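Pasted below: my_file_8.cif, mmCIF, C-alpha atoms.
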data_target
#
loop_
_atom_site.label_atom_id
_atom_site.label_comp_id
_atom_site.auth_asym_id
_atom_site.auth_seq_id
_atom_site.Cartn_x
_atom_site.Cartn_y
_atom_site.Cartn_z
CA MET X 1 -83.65 26.69 -10.56
CA THR X 2 -85.03 23.17 -10.68
CA PRO X 3 -88.20 23.16 -12.80
CA PRO X 4 -91.41 21.73 -11.28
CA PRO X 5 -92.66 18.23 -12.21
CA GLY X 6 -94.23 18.13 -15.64
CA TRP X 7 -94.07 17.03 -19.26
CA TYR X 8 -91.09 18.43 -21.18
CA ALA X 9 -89.42 17.73 -24.51
CA ASP X 10 -87.45 14.47 -24.21
CA PRO X 11 -83.73 15.34 -24.57
CA GLU X 12 -83.17 11.99 -26.28
CA ALA X 13 -86.17 12.28 -28.60
CA PRO X 14 -87.39 15.88 -29.05
CA HIS X 15 -90.46 14.70 -30.98
CA LEU X 16 -91.70 13.12 -27.71
CA GLU X 17 -92.37 14.44 -24.20
CA CYS X 18 -90.91 12.83 -21.07
CA TRP X 19 -92.10 13.19 -17.46
CA TRP X 20 -89.70 15.17 -15.21
CA ASP X 21 -90.48 14.34 -11.53
CA GLY X 22 -88.78 17.47 -10.21
CA ARG X 23 -85.43 15.73 -9.65
CA ALA X 24 -84.81 13.37 -12.55
CA TRP X 25 -86.29 12.08 -15.81
CA THR X 26 -88.64 9.07 -15.59
CA GLU X 27 -89.42 6.40 -18.18
CA HIS X 28 -92.88 7.83 -18.92
CA ARG X 29 -93.17 9.26 -22.43
CA ARG X 30 -95.97 10.54 -24.66
CA THR X 31 -96.54 12.38 -27.91
CA PRO X 32 -97.00 16.17 -27.52
CA SER X 33 -100.66 15.89 -28.56
CA GLY X 34 -101.52 13.43 -25.79
CA LEU X 35 -102.99 14.56 -22.47
CA PRO X 36 -102.83 11.56 -20.11
CA ALA X 37 -102.86 12.12 -16.36
CA PRO X 38 -99.30 12.57 -15.02
CA PRO X 39 -97.82 9.48 -13.33
CA ASN X 40 -98.12 9.49 -9.53
CA PRO X 41 -99.70 12.98 -9.32
CA ALA X 42 -99.36 14.75 -5.99
CA ALA X 43 -102.61 15.02 -4.03
CA ARG X 44 -104.18 18.47 -3.73
CA ALA X 45 -104.10 19.94 -0.24
CA SER X 46 -107.87 20.39 -0.40
CA GLY X 47 -108.43 16.73 -1.20
CA ARG X 48 -110.45 17.54 -4.31
CA ALA X 49 -109.92 15.01 -7.08
CA LYS X 50 -109.02 17.55 -9.72
CA ALA X 51 -105.99 17.27 -11.98
CA VAL X 52 -104.71 20.58 -13.29
CA ALA X 53 -101.87 20.15 -15.77
CA LEU X 54 -99.82 22.71 -17.61
CA ILE X 55 -99.26 22.44 -21.35
CA SER X 56 -97.09 24.67 -23.51
CA ALA X 57 -96.16 24.21 -27.11
CA ALA X 58 -93.67 27.03 -26.66
CA ALA X 59 -92.09 25.23 -23.72
CA VAL X 60 -91.59 22.11 -25.85
CA LEU X 61 -89.67 24.07 -28.47
CA ALA X 62 -87.77 26.23 -25.97
CA THR X 63 -86.73 23.22 -23.91
CA ALA X 64 -85.38 21.43 -26.97
CA ILE X 65 -83.39 24.52 -27.92
CA VAL X 66 -82.11 25.47 -24.45
CA SER X 67 -81.32 22.06 -23.02
CA GLY X 68 -80.20 20.44 -26.28
CA ALA X 69 -81.01 16.92 -27.40
CA THR X 70 -78.27 14.94 -25.62
CA VAL X 71 -74.93 15.85 -24.07
CA LEU X 72 -72.31 13.29 -25.06
CA ARG X 73 -69.06 13.38 -23.10
CA THR X 74 -65.90 12.17 -24.82
CA ASP X 75 -62.88 10.65 -23.13
CA GLU X 76 -60.10 12.87 -24.54
CA ALA X 77 -57.39 10.28 -23.84
CA SER X 78 -59.01 7.45 -25.77
CA GLY X 79 -61.43 9.31 -28.02
CA ARG X 80 -64.18 6.93 -26.94
CA ALA X 81 -67.68 8.16 -26.21
CA GLY X 82 -68.38 8.31 -22.53
CA THR X 83 -71.56 8.50 -20.45
CA THR X 84 -74.64 10.02 -22.04
CA VAL X 85 -76.03 12.80 -19.84
CA ARG X 86 -79.67 13.81 -20.19
CA ALA X 87 -79.97 17.50 -19.34
CA ALA X 88 -82.71 18.78 -17.04
CA PRO X 89 -85.57 20.66 -18.74
CA SER X 90 -85.52 24.44 -18.90
CA ALA X 91 -87.65 26.21 -16.30
CA ALA X 92 -87.65 29.52 -18.15
CA ALA X 93 -90.55 29.06 -20.60
CA PRO X 94 -93.95 29.85 -18.99
CA PRO X 95 -97.02 27.72 -19.67
CA SER X 96 -99.48 28.95 -22.29
CA LEU X 97 -102.43 26.74 -21.30
CA VAL X 98 -103.82 25.38 -18.07
CA VAL X 99 -105.83 22.15 -18.26
CA ASP X 100 -108.74 21.36 -15.96
CA GLN X 101 -109.04 17.60 -16.37
CA LEU X 102 -112.07 17.31 -14.07
CA ASN X 103 -114.21 19.62 -16.19
CA GLY X 104 -112.52 18.65 -19.47
CA ILE X 105 -111.40 22.11 -20.57
CA THR X 106 -108.23 24.05 -21.31
CA LEU X 107 -107.85 27.77 -20.62
CA PRO X 108 -105.28 30.13 -22.18
CA VAL X 109 -102.88 31.87 -19.80
CA PRO X 110 -102.36 35.52 -20.89
CA ALA X 111 -99.18 37.47 -20.29
CA GLY X 112 -98.90 38.57 -16.67
CA TRP X 113 -100.78 35.52 -15.39
CA THR X 114 -99.57 32.28 -13.79
CA GLY X 115 -101.29 28.93 -14.17
CA SER X 116 -100.32 26.31 -11.60
CA SER X 117 -101.42 22.97 -10.19
CA TYR X 118 -99.97 23.99 -6.81
CA LEU X 119 -102.09 27.06 -5.99
CA ALA X 120 -103.32 27.04 -2.41
CA GLN X 121 -106.94 27.95 -3.14
CA ASP X 122 -109.24 25.18 -4.26
CA ASP X 123 -110.58 25.52 -7.84
CA VAL X 124 -108.23 28.42 -8.69
CA VAL X 125 -106.55 27.62 -12.00
CA MET X 126 -104.64 30.86 -12.59
CA THR X 127 -103.77 34.15 -10.91
CA THR X 128 -102.00 37.36 -11.80
CA ASP X 129 -98.33 37.46 -10.89
CA GLY X 130 -97.46 38.67 -7.40
CA THR X 131 -99.52 39.82 -4.42
CA TYR X 132 -100.19 43.11 -2.59
CA ALA X 133 -101.38 44.21 0.84
CA CYS X 134 -105.19 43.94 0.99
CA PRO X 135 -106.89 47.38 1.32
CA ALA X 136 -108.30 46.46 4.74
CA HIS X 137 -104.89 45.16 5.90
CA THR X 138 -106.15 41.61 6.42
CA GLY X 139 -103.32 39.91 4.55
CA ARG X 140 -102.19 39.57 0.95
CA CYS X 141 -104.47 39.87 -2.08
CA ARG X 142 -104.09 39.26 -5.81
CA HIS X 143 -105.24 41.57 -8.59
CA GLY X 144 -106.79 38.75 -10.61
CA GLN X 145 -108.00 35.16 -10.27
CA VAL X 146 -109.70 32.63 -12.54
CA ILE X 147 -111.62 29.78 -10.94
CA SER X 148 -112.96 26.68 -12.69
CA ARG X 149 -115.60 24.61 -10.89
CA THR X 150 -118.57 22.32 -11.35
CA ALA X 151 -121.91 23.92 -10.50
CA GLY X 152 -123.53 22.23 -7.51
CA SER X 153 -127.07 20.82 -7.71
CA ALA X 154 -127.81 22.48 -11.04
CA ASP X 155 -128.89 19.45 -13.07
CA GLY X 156 -131.17 20.44 -15.93
CA VAL X 157 -130.87 24.17 -15.18
CA SER X 158 -130.03 26.50 -18.06
CA PRO X 159 -126.57 28.12 -18.26
CA ARG X 160 -128.24 31.52 -17.90
CA THR X 161 -129.86 30.58 -14.61
CA VAL X 162 -126.62 29.03 -13.34
CA ALA X 163 -124.58 32.14 -14.21
CA GLU X 164 -127.13 34.54 -12.70
CA ARG X 165 -127.21 32.52 -9.48
CA ASP X 166 -123.44 32.12 -9.31
CA VAL X 167 -122.26 35.71 -9.81
CA PRO X 168 -123.53 37.00 -6.41
CA ASP X 169 -121.69 34.15 -4.67
CA ALA X 170 -118.58 34.90 -6.73
CA ALA X 171 -118.73 38.58 -5.76
CA GLU X 172 -119.17 37.80 -2.09
CA ALA X 173 -116.31 35.28 -2.10
CA ALA X 174 -113.98 37.73 -3.85
CA TYR X 175 -114.87 41.10 -2.32
CA GLY X 176 -117.09 40.30 0.65
CA ARG X 177 -115.92 37.84 3.28
CA ASP X 178 -113.00 35.49 2.68
CA PRO X 179 -113.04 31.85 3.93
CA GLY X 180 -111.58 33.05 7.24
CA GLY X 181 -114.45 35.47 7.82
CA ARG X 182 -112.31 38.57 7.17
CA ARG X 183 -113.25 41.44 4.85
CA PRO X 184 -110.13 42.21 2.76
CA PHE X 185 -111.93 45.07 0.99
CA GLY X 186 -114.15 46.19 3.86
CA GLY X 187 -117.22 44.55 2.31
CA ILE X 188 -119.35 45.19 -0.77
CA ARG X 189 -121.26 48.49 -1.00
CA SER X 190 -123.04 48.07 -4.34
CA HIS X 191 -122.87 46.35 -7.69
CA GLN X 192 -123.87 46.99 -11.29
CA VAL X 193 -124.43 44.54 -14.17
CA VAL X 194 -122.12 45.71 -16.96
CA LYS X 195 -122.41 42.76 -19.33
CA SER X 196 -124.60 39.68 -19.80
CA GLY X 197 -125.67 37.42 -22.62
CA ARG X 198 -125.12 34.20 -24.50
CA VAL X 199 -121.60 33.14 -25.37
CA ALA X 200 -120.03 30.14 -27.12
CA VAL X 201 -117.64 28.35 -24.75
CA ALA X 202 -115.68 25.24 -25.74
CA GLY X 203 -118.08 24.73 -28.64
CA ARG X 204 -121.14 24.84 -26.38
CA ASP X 205 -123.90 27.36 -25.80
CA GLY X 206 -123.11 29.19 -22.56
CA TYR X 207 -124.08 32.36 -20.74
CA LEU X 208 -122.08 35.02 -18.91
CA VAL X 209 -122.89 37.71 -16.35
CA ARG X 210 -120.37 40.41 -15.41
CA TRP X 211 -120.70 42.70 -12.39
CA TRP X 212 -118.83 45.83 -11.41
CA VAL X 213 -118.50 45.74 -7.62
CA ARG X 214 -117.91 48.80 -5.42
CA THR X 215 -116.20 48.04 -2.11
CA ALA X 216 -115.82 49.97 1.14
CA GLU X 217 -112.04 50.06 0.69
CA GLY X 218 -109.91 49.86 -2.42
CA PRO X 219 -110.95 50.39 -6.05
CA GLY X 220 -113.44 47.50 -6.16
CA GLY X 221 -113.43 45.14 -9.07
CA TYR X 222 -115.16 43.10 -11.74
CA VAL X 223 -116.62 39.64 -11.24
CA GLN X 224 -117.83 37.43 -14.08
CA SER X 225 -119.52 34.01 -14.03
CA VAL X 226 -119.58 31.97 -17.24
CA ALA X 227 -121.72 28.81 -17.24
CA PHE X 228 -121.87 26.19 -19.99
CA PRO X 229 -122.71 22.47 -20.35
CA SER X 230 -120.03 20.00 -19.33
CA GLY X 231 -118.38 17.96 -22.05
CA THR X 232 -117.34 15.17 -19.67
CA GLY X 233 -120.76 13.57 -19.29
CA LEU X 234 -121.52 15.21 -15.95
CA PRO X 235 -125.09 16.57 -15.75
CA ALA X 236 -124.06 19.69 -13.81
CA PRO X 237 -122.74 22.63 -15.87
CA VAL X 238 -119.22 24.02 -15.66
CA VAL X 239 -118.76 27.50 -14.16
CA VAL X 240 -115.67 29.63 -14.76
CA ARG X 241 -115.40 32.61 -12.41
CA PHE X 242 -113.29 35.69 -13.08
CA VAL X 243 -112.18 38.16 -10.39
CA PHE X 244 -110.39 41.30 -11.65
CA ASP X 245 -109.48 44.26 -9.46
CA ALA X 246 -110.49 47.64 -10.89
CA GLY X 247 -108.09 50.55 -11.05
CA PRO X 248 -104.75 50.96 -12.84
CA ASP X 249 -103.17 47.93 -11.12
CA GLY X 250 -105.90 45.49 -12.09
CA PRO X 251 -105.65 43.28 -15.21
CA PRO X 252 -107.33 44.60 -18.38
CA LEU X 253 -110.88 43.45 -19.01
CA SER X 254 -109.70 42.29 -22.42
CA ASP X 255 -107.98 39.40 -20.57
CA MET X 256 -111.42 38.29 -19.38
CA ASP X 257 -112.68 38.14 -22.95
CA GLU X 258 -109.47 36.50 -24.21
CA ILE X 259 -109.65 33.70 -21.65
CA THR X 260 -113.39 33.14 -22.20
CA SER X 261 -113.08 32.93 -25.97
CA GLY X 262 -110.00 30.68 -25.67
CA ILE X 263 -111.60 27.95 -23.53
CA ARG X 264 -111.46 24.64 -25.41
CA PRO X 265 -112.39 21.04 -24.67
CA VAL X 266 -109.48 18.82 -23.65
CA GLY X 267 -108.06 16.97 -26.63
#

Could you show the structure in this file as structure tokens?
Amino acid sequence: MTPPPGWYADPEAPHLECWWDGRAWTEHRRTPSGLPAPPNPAARASGRAKAVALISAAAVLATAIVSGATVLRTDEASGRAGTTVRAAPSAAAPPSLVVDQLNGITLPVPAGWTGSSYLAQDDVVMTTDGTYACPAHTGRCRHGQVISRTAGSADGVSPRTVAERDVPDAAEAAYGRDPGGRRPFGGIRSHQVVKSGRVAVAGRDGYLVRWWVRTAEGPGGYVQSVAFPSGTGLPAPVVVRFVFDAGPDGPPLSDMDEITSGIRPVG
């Protein structure tokens, strides 16, 4: 399989990373610690100016091991070195971090999750692997989603107020009506606050609110809104939403805590 565009270990210089455009290597290089915007990034379908990049220290090492540094062909007749072939990067190693450049944060990607810059939904930075038939038979659903966004018109408002205002909207968007007006879970019947309080996020003082949501169909789920000050100079806070299906097929709530505690500022 051809790996997607991204930064991979340079086959000619494994201590550097080179940009793979999906078909061939380019001349763009960087050190592994750098996080510049990718050259000629593809526009998001939603039109939102948000760059989501994937970083993986494991991928750097695995690519260097799997693809090798450089393949040097030798002309057996003459013994002379022939053309140097730069191998394509390995597509096997999954990303370990997803980077939200707009909000200036990185989020860890736990096992069983996929972080991608090509997800169809706006603001969604990672989802659980695979889909299933929605309980109300309105299409396909996912057992888990993480959404990173900038709070609208919340200048000067405390993270607690932002989180408490956001979680009802998050619940409705996840388990109420979808953007097409359908009710994948038959609508929300009730909710219960199961966790709330201050939390340190990316070195800043934030606040989280977690709801358990009971739906008309299906096992329901958990919705969490985490709000914290932006580190990019924007006055509006950052909000990270979590949507986890309940039941045996849903992701463990420990993933919610792992992702929250692992949020870091870019760089």

Exercise. What is the atom CA of Trp25 of chain X-atom CA of Val109 of chain X distance in Å, reported with one decimal?
Worked result: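 Separation between atom CA of Trp25 of chain X and atom CA of Val109 of chain X: 26.1 Å.
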
For this session: Considering all atoms listed in the file, state which residue in the set X:Cys18, X:Ile259, X:Ala202, X:Val238 is at the smallest distance from Pro159 of chain X.
Result: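 Selected residue with least distance to Pro159 of chain X: X:Val238.
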
Problem set entry | Length of the atom CA of Pro32 of chain X to atom CA of Ser261 of chain X vector [Å] |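 So the answer is 23.3 Å.
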
Carefully work through the PyMOL selection byres ((chain X and resi 206) around 6) for this structure and note down the residues it includes, as a PDB file with C-alpha atoms, in the coordinates of the input.
ATOM      1  CA  PRO X 159    -126.570  28.120 -18.260  1.00  0.00           C
ATOM      2  CA  ARG X 198    -125.120  34.200 -24.500  1.00  0.00           C
ATOM      3  CA  VAL X 199    -121.600  33.140 -25.370  1.00  0.00           C
ATOM      4  CA  ALA X 200    -120.030  30.140 -27.120  1.00  0.00           C
ATOM      5  CA  VAL X 201    -117.640  28.350 -24.750  1.00  0.00           C
ATOM      6  CA  ASP X 205    -123.900  27.360 -25.800  1.00  0.00           C
ATOM      7  CA  TYR X 207    -124.080  32.360 -20.740  1.00  0.00           C
ATOM      8  CA  ALA X 227    -121.720  28.810 -17.240  1.00  0.00           C
ATOM      9  CA  PHE X 228    -121.870  26.190 -19.990  1.00  0.00           C
TER      10      PHE X 228
END

Problem set entry | Among the residues X:Ala136, X:Val266, X:Val162, X:Val243, the one that comes closest to Leu102 of chain X [using only C-alpha atoms] |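 Among X:Ala136, X:Val266, X:Val162, X:Val243, it is X:Val266 that comes nearest to Leu102 of chain X.
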
For this session: Carefully work through the PyMOL selection byres ((chain X and resi 103) around 12) for this structure and note down the residues it includes, as a ChimeraX atom specification.
Result: /X:49-52,99-102,104-107,123,125,147-151,202,227-240,263-266
